[in-house]
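Trainee: The structure is given below, and queries will be raised subsequently.
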Amino acid sequence: MASSEQHILVTGGAGFIGTHCSLQLLQEGYKVSMIDNFHNSVMEAVDSVKELAGPKLAEKLQFHKADLRKIDELEKVFSQNKYDAVIHFGALKAVAESMQHPFRYFENNLIGTINLYQVMSKYNVKKMVFSSSATVYGQPEKIPCVENYPYMPMNPYGRSKVYCEEMGKDIQKADPEWRIISLRYFNPVGAHKSSKLGEDPKGIPNNLMPYLHQVAVGRLPELNVYGHDYPTKDGSAVRDYIHVMDLADGHIAALKKLFTAQDIGFTAYNLGTGQGTSVLEMVAAFEKASGKKIPVKLSPRRPGDATAVYAATDKAQKELGWKPKYGIEEMCRDQWNWAKNNPMGYQKKA
């Protein structure tokens with residue numbers, strides 16, 4: 001268990017991964033403060049975390065509505081509490097959107113992170129778990145992706161994550177007191193087993209699973225599969241899907257390392273299963289879990305998308321003692337459970 005005194009600030013705490021991770025932190029004995037500006041999330045998600053944590057643990061959770069791009073709002077949060085570490089999720093995360101609106105991604109992801117680093121430094125909070133992405137690898141020459149591969153992002157979203165990682169390296173070099181762990185996620189899916197927490201994007205989903213589930217519950221007419229002429233087993237792109245609860249466990253493991261190991265510097269770890277699954281295989285697995293036929297429309301490839309990407313996970317297993325527990329069946333089962341019980345997401349009615 002964590003020391004009950006350890007207070008963790010979670011940026012983007014009301015989002016898909018932020019909520020699952022915050023709940024896990026509370027259950028592990030940490031105090032948690034969430035920051036979110038509700039750009040792509042809702043207060044109901046925070047209420048669900050409190051409900052699942054139960055009244056006693058919910059007392060250890062604070063919520064602050066704040067925007068990382070506004071440094072005065074961030075200062076205010078830091079001036080009210082003493083934090084021991086920060087888990088930084090707060091960012092925009094859609095590849096296709098980033099191709100159309102690069103400025104939006106640089107403004108949000110970079111300025112938000114620069115402000116966060118500055119305020120952390122000022123208040124002497126020098127431990128961070130950073131939410132990075134497999135998109136930093138682009139389409140590597142060989143797969144699985146290993147952490148020491150060169151950066152080759154193919155889109156502004158991936159580039160924004162590279163810049164944030166590079167920034168972290170420079171800050172840590174200049175001030176060796178910093179300890180930064182960057183977690184490069186592959187494709188987070190699934191939901192909490194209670195079906196009270198899950199992914200609920202605003203607008204048309206950019207990611208496969210929420211899109212699939214909105215088709216399954218009748219909110220969208222069909223699933224667009226982007227790219228069916230890739231050089232893969234069935235022509236659709238191959239990704240490494242990881243259950244969001246495994247991802248949450250990975251953050252706890254990284255946090256424990258920040259508190260116990262001296263020589264972290266800046267270190268990156270992949271969080272994935274190490275298994276490649278094609279989009280069409282995922283559709284078939286979801287159909288099986290839900291018992292629903294998903295109408296599929298084969299569409300052209302999207303710019304900025306890679307053919308096949310999956311993780312080498314040895315480093316996280318060896319150094320963080322972390323390995324994923326869940327496979328595709330559980331991911332689809334939990335995703336469907338969340339979809340079926342919350343067809344309109346957190347907003348109970350359309």
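Chain lettering (A, B, ...) mirrors the order of the structure tokens, residue numbering begins at 1 for each chain separately, and ligand numbering begins at 1 in order of display.
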Output as JSON, numbers by chain all residues of region 127-283 of chain A that backbone DSSP marks as strand (DSSP E or B).

Mentor: {"A": [127, 128, 129, 130, 131, 132, 133, 145, 179, 180, 181, 182, 183, 184, 185, 187, 188, 189, 223, 224, 225, 226, 238, 239, 241, 242, 243, 266, 267, 268, 269, 270, 271, 277, 278]}

Trainee: Quick one: write out the picked residues with N, CA and C atoms as a compact mmCIF listing (two decimals), in the first residue's frame?

Mentor:
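After the write, selection_32.txt holds the following:
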# COMPACT_ATOMS: atom_id res chain seq x y z
N LYS A 127 8.64 14.82 -9.54
CA LYS A 127 8.42 13.44 -9.97
C LYS A 127 7.21 13.42 -10.91
N MET A 128 7.39 12.88 -12.11
CA MET A 128 6.28 12.86 -13.05
C MET A 128 6.19 11.52 -13.78
N VAL A 129 4.95 11.03 -13.90
CA VAL A 129 4.66 9.95 -14.85
C VAL A 129 3.98 10.63 -16.03
N PHE A 130 4.59 10.54 -17.20
CA PHE A 130 4.07 11.25 -18.37
C PHE A 130 3.36 10.28 -19.31
N SER A 131 2.20 10.71 -19.75
CA SER A 131 1.37 9.93 -20.65
C SER A 131 1.85 10.15 -22.08
N SER A 132 2.66 9.21 -22.59
CA SER A 132 3.14 9.33 -23.96
C SER A 132 2.37 8.34 -24.84
N SER A 133 2.92 8.03 -26.00
CA SER A 133 2.12 7.25 -26.96
C SER A 133 3.01 6.47 -27.90
N CYS A 145 7.97 -2.64 -31.42
CA CYS A 145 8.67 -1.39 -31.12
C CYS A 145 9.44 -1.54 -29.81
N ARG A 179 12.74 13.22 -11.59
CA ARG A 179 12.60 11.82 -12.01
C ARG A 179 11.36 11.76 -12.89
N ILE A 180 11.55 11.36 -14.13
CA ILE A 180 10.42 11.35 -15.08
C ILE A 180 10.33 9.97 -15.74
N ILE A 181 9.16 9.37 -15.65
CA ILE A 181 8.90 8.12 -16.39
C ILE A 181 7.86 8.40 -17.45
N SER A 182 8.23 8.12 -18.70
CA SER A 182 7.29 8.33 -19.80
C SER A 182 6.72 6.97 -20.20
N LEU A 183 5.40 6.85 -20.17
CA LEU A 183 4.75 5.58 -20.52
C LEU A 183 4.16 5.71 -21.92
N ARG A 184 4.66 4.91 -22.83
CA ARG A 184 4.18 4.97 -24.21
C ARG A 184 3.08 3.93 -24.38
N TYR A 185 1.83 4.42 -24.38
CA TYR A 185 0.71 3.48 -24.48
C TYR A 185 0.50 3.09 -25.92
N ASN A 187 -2.83 0.89 -27.65
CA ASN A 187 -4.22 1.32 -27.87
C ASN A 187 -5.12 0.93 -26.70
N PRO A 188 -5.37 1.86 -25.79
CA PRO A 188 -6.16 1.54 -24.60
C PRO A 188 -7.64 1.34 -24.93
N VAL A 189 -8.20 0.23 -24.45
CA VAL A 189 -9.61 -0.09 -24.70
C VAL A 189 -10.20 -0.73 -23.44
N LEU A 223 -19.66 1.12 -38.94
CA LEU A 223 -18.28 1.37 -38.56
C LEU A 223 -17.46 1.64 -39.82
N ASN A 224 -16.79 2.78 -39.84
CA ASN A 224 -15.83 3.04 -40.93
C ASN A 224 -14.52 2.37 -40.59
N VAL A 225 -14.09 1.45 -41.43
CA VAL A 225 -12.75 0.87 -41.26
C VAL A 225 -11.83 1.58 -42.25
N TYR A 226 -10.89 2.36 -41.70
CA TYR A 226 -10.03 3.17 -42.56
C TYR A 226 -8.82 2.36 -43.01
N VAL A 238 -2.91 -3.05 -38.16
CA VAL A 238 -2.68 -3.89 -36.97
C VAL A 238 -2.20 -3.01 -35.82
N ARG A 239 -2.83 -3.21 -34.66
CA ARG A 239 -2.50 -2.42 -33.47
C ARG A 239 -2.36 -3.33 -32.26
N TYR A 241 -3.72 -3.63 -28.73
CA TYR A 241 -4.78 -3.13 -27.84
C TYR A 241 -4.46 -3.55 -26.41
N ILE A 242 -4.67 -2.64 -25.47
CA ILE A 242 -4.38 -2.94 -24.07
C ILE A 242 -5.56 -2.53 -23.20
N HIS A 243 -5.91 -3.39 -22.25
CA HIS A 243 -7.04 -3.10 -21.36
C HIS A 243 -6.70 -1.91 -20.46
N PHE A 266 15.39 10.27 -16.88
CA PHE A 266 14.20 10.23 -17.75
C PHE A 266 14.19 8.85 -18.38
N THR A 267 13.14 8.07 -18.15
CA THR A 267 13.08 6.71 -18.70
C THR A 267 11.73 6.48 -19.36
N ALA A 268 11.74 5.81 -20.53
CA ALA A 268 10.48 5.51 -21.23
C ALA A 268 10.20 4.01 -21.19
N TYR A 269 8.92 3.67 -21.05
CA TYR A 269 8.47 2.27 -21.08
C TYR A 269 7.27 2.14 -22.01
N ASN A 270 7.24 1.07 -22.78
CA ASN A 270 6.05 0.72 -23.55
C ASN A 270 5.03 0.06 -22.64
N LEU A 271 3.76 0.42 -22.80
CA LEU A 271 2.69 -0.33 -22.15
C LEU A 271 1.78 -0.86 -23.25
N THR A 277 -3.14 -7.05 -33.21
CA THR A 277 -4.49 -7.50 -33.59
C THR A 277 -4.98 -6.56 -34.68
N SER A 278 -5.52 -7.11 -35.77
CA SER A 278 -5.99 -6.23 -36.85
C SER A 278 -7.35 -5.63 -36.47

Trainee: Would you list, as a ChimeraX atom specification, the residues of region 143-188 of chain A that end up in helix (DSSP H, G or I) under DSSP run on this structure's backbone?

Mentor: /A:156-174

Trainee: Mind dumping the selected residues with N, CA, C and O atoms as a PDB file, in the first residue's frame?

Mentor:
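Just written: part.pdb:
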ATOM      1  N   PRO A 156       0.993  15.242 -36.243  1.00  0.00           N
ATOM      2  CA  PRO A 156       1.235  16.258 -35.218  1.00  0.00           C
ATOM      3  C   PRO A 156       0.975  15.765 -33.788  1.00  0.00           C
ATOM      4  O   PRO A 156       1.659  16.186 -32.854  1.00  0.00           O
ATOM      5  N   TYR A 157      -0.007  14.877 -33.604  1.00  0.00           N
ATOM      6  CA  TYR A 157      -0.242  14.322 -32.266  1.00  0.00           C
ATOM      7  C   TYR A 157       1.021  13.612 -31.771  1.00  0.00           C
ATOM      8  O   TYR A 157       1.528  13.881 -30.680  1.00  0.00           O
ATOM      9  N   GLY A 158       1.551  12.703 -32.594  1.00  0.00           N
ATOM     10  CA  GLY A 158       2.772  11.977 -32.221  1.00  0.00           C
ATOM     11  C   GLY A 158       3.934  12.931 -31.991  1.00  0.00           C
ATOM     12  O   GLY A 158       4.712  12.773 -31.037  1.00  0.00           O
ATOM     13  N   ARG A 159       4.040  13.954 -32.853  1.00  0.00           N
ATOM     14  CA  ARG A 159       5.125  14.928 -32.688  1.00  0.00           C
ATOM     15  C   ARG A 159       4.984  15.677 -31.370  1.00  0.00           C
ATOM     16  O   ARG A 159       5.967  15.942 -30.688  1.00  0.00           O
ATOM     17  N   SER A 160       3.744  16.001 -30.988  1.00  0.00           N
ATOM     18  CA  SER A 160       3.565  16.735 -29.720  1.00  0.00           C
ATOM     19  C   SER A 160       4.070  15.892 -28.550  1.00  0.00           C
ATOM     20  O   SER A 160       4.648  16.407 -27.596  1.00  0.00           O
ATOM     21  N   LYS A 161       3.894  14.570 -28.621  1.00  0.00           N
ATOM     22  CA  LYS A 161       4.378  13.691 -27.552  1.00  0.00           C
ATOM     23  C   LYS A 161       5.903  13.600 -27.564  1.00  0.00           C
ATOM     24  O   LYS A 161       6.547  13.558 -26.519  1.00  0.00           O
ATOM     25  N   VAL A 162       6.492  13.587 -28.767  1.00  0.00           N
ATOM     26  CA  VAL A 162       7.960  13.584 -28.871  1.00  0.00           C
ATOM     27  C   VAL A 162       8.529  14.855 -28.236  1.00  0.00           C
ATOM     28  O   VAL A 162       9.472  14.805 -27.442  1.00  0.00           O
ATOM     29  N   TYR A 163       7.939  16.013 -28.584  1.00  0.00           N
ATOM     30  CA  TYR A 163       8.444  17.276 -28.034  1.00  0.00           C
ATOM     31  C   TYR A 163       8.361  17.274 -26.508  1.00  0.00           C
ATOM     32  O   TYR A 163       9.263  17.753 -25.827  1.00  0.00           O
ATOM     33  N   CYS A 164       7.253  16.734 -25.982  1.00  0.00           N
ATOM     34  CA  CYS A 164       7.092  16.705 -24.517  1.00  0.00           C
ATOM     35  C   CYS A 164       8.132  15.788 -23.873  1.00  0.00           C
ATOM     36  O   CYS A 164       8.663  16.101 -22.805  1.00  0.00           O
ATOM     37  N   GLU A 165       8.420  14.659 -24.525  1.00  0.00           N
ATOM     38  CA  GLU A 165       9.458  13.766 -23.997  1.00  0.00           C
ATOM     39  C   GLU A 165      10.824  14.464 -24.035  1.00  0.00           C
ATOM     40  O   GLU A 165      11.587  14.423 -23.064  1.00  0.00           O
ATOM     41  N   GLU A 166      11.133  15.115 -25.161  1.00  0.00           N
ATOM     42  CA  GLU A 166      12.423  15.804 -25.297  1.00  0.00           C
ATOM     43  C   GLU A 166      12.571  16.907 -24.246  1.00  0.00           C
ATOM     44  O   GLU A 166      13.639  17.112 -23.677  1.00  0.00           O
ATOM     45  N   MET A 167      11.448  17.593 -24.007  1.00  0.00           N
ATOM     46  CA  MET A 167      11.433  18.642 -22.987  1.00  0.00           C
ATOM     47  C   MET A 167      11.772  18.050 -21.618  1.00  0.00           C
ATOM     48  O   MET A 167      12.573  18.591 -20.860  1.00  0.00           O
ATOM     49  N   GLY A 168      11.142  16.907 -21.320  1.00  0.00           N
ATOM     50  CA  GLY A 168      11.391  16.233 -20.047  1.00  0.00           C
ATOM     51  C   GLY A 168      12.859  15.857 -19.891  1.00  0.00           C
ATOM     52  O   GLY A 168      13.453  16.023 -18.817  1.00  0.00           O
ATOM     53  N   LYS A 169      13.466  15.363 -20.984  1.00  0.00           N
ATOM     54  CA  LYS A 169      14.892  14.986 -20.937  1.00  0.00           C
ATOM     55  C   LYS A 169      15.750  16.209 -20.624  1.00  0.00           C
ATOM     56  O   LYS A 169      16.677  16.149 -19.813  1.00  0.00           O
ATOM     57  N   ASP A 170      15.449  17.337 -21.291  1.00  0.00           N
ATOM     58  CA  ASP A 170      16.248  18.551 -21.088  1.00  0.00           C
ATOM     59  C   ASP A 170      16.104  19.087 -19.669  1.00  0.00           C
ATOM     60  O   ASP A 170      17.080  19.529 -19.054  1.00  0.00           O
ATOM     61  N   ILE A 171      14.877  19.070 -19.159  1.00  0.00           N
ATOM     62  CA  ILE A 171      14.622  19.577 -17.803  1.00  0.00           C
ATOM     63  C   ILE A 171      15.359  18.714 -16.787  1.00  0.00           C
ATOM     64  O   ILE A 171      15.975  19.204 -15.842  1.00  0.00           O
ATOM     65  N   GLN A 172      15.316  17.402 -17.013  1.00  0.00           N
ATOM     66  CA  GLN A 172      15.972  16.470 -16.086  1.00  0.00           C
ATOM     67  C   GLN A 172      17.500  16.628 -16.133  1.00  0.00           C
ATOM     68  O   GLN A 172      18.170  16.554 -15.110  1.00  0.00           O
ATOM     69  N   LYS A 173      18.031  16.887 -17.340  1.00  0.00           N
ATOM     70  CA  LYS A 173      19.484  17.091 -17.468  1.00  0.00           C
ATOM     71  C   LYS A 173      19.912  18.346 -16.717  1.00  0.00           C
ATOM     72  O   LYS A 173      20.959  18.384 -16.070  1.00  0.00           O
ATOM     73  N   ALA A 174      19.099  19.380 -16.834  1.00  0.00           N
ATOM     74  CA  ALA A 174      19.446  20.653 -16.205  1.00  0.00           C
ATOM     75  C   ALA A 174      19.318  20.578 -14.685  1.00  0.00           C
ATOM     76  O   ALA A 174      20.025  21.261 -13.956  1.00  0.00           O
TER      77      ALA A 174
END

Trainee: Restricting the calculation to only C-alpha atoms: of A:Lys93, A:Gln275, A:Gln347, A:Asp249, which residue gets closest to Ile143 (chain A)?

Mentor: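 Residue with the minimum atom-to-atom distance to Ile143 (chain A): A:Gln275.
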
Trainee: If we count only C-alpha atoms and set the cut-off at 12 Å, which residues sit around Lys233 (chain A), ignoring sequence neighbours fewer than 4 positions away in its own chain? Please answer as a VMD selection string.

Mentor: chain A and resid 228 to 229 237 to 238 276 to 281 307 to 308

Trainee: Taking only C-alpha atoms into account, name the residue in A:Lys193, A:His39, A:Lys82, A:Arg69 that is nearest to His20 (chain A).

Mentor: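 Of A:Lys193, A:His39, A:Lys82, A:Arg69, the one nearest His20 (chain A), counting only C-alpha atoms, is A:Lys193.
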
Trainee: Using only C-alpha atoms, which residue out of A:Pro144, A:Asn206, A:Lys122, A:Gln139 lies closest to Leu92 (chain A)?

Mentor: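 The answer is A:Asn206, which sits nearest to Leu92 (chain A).
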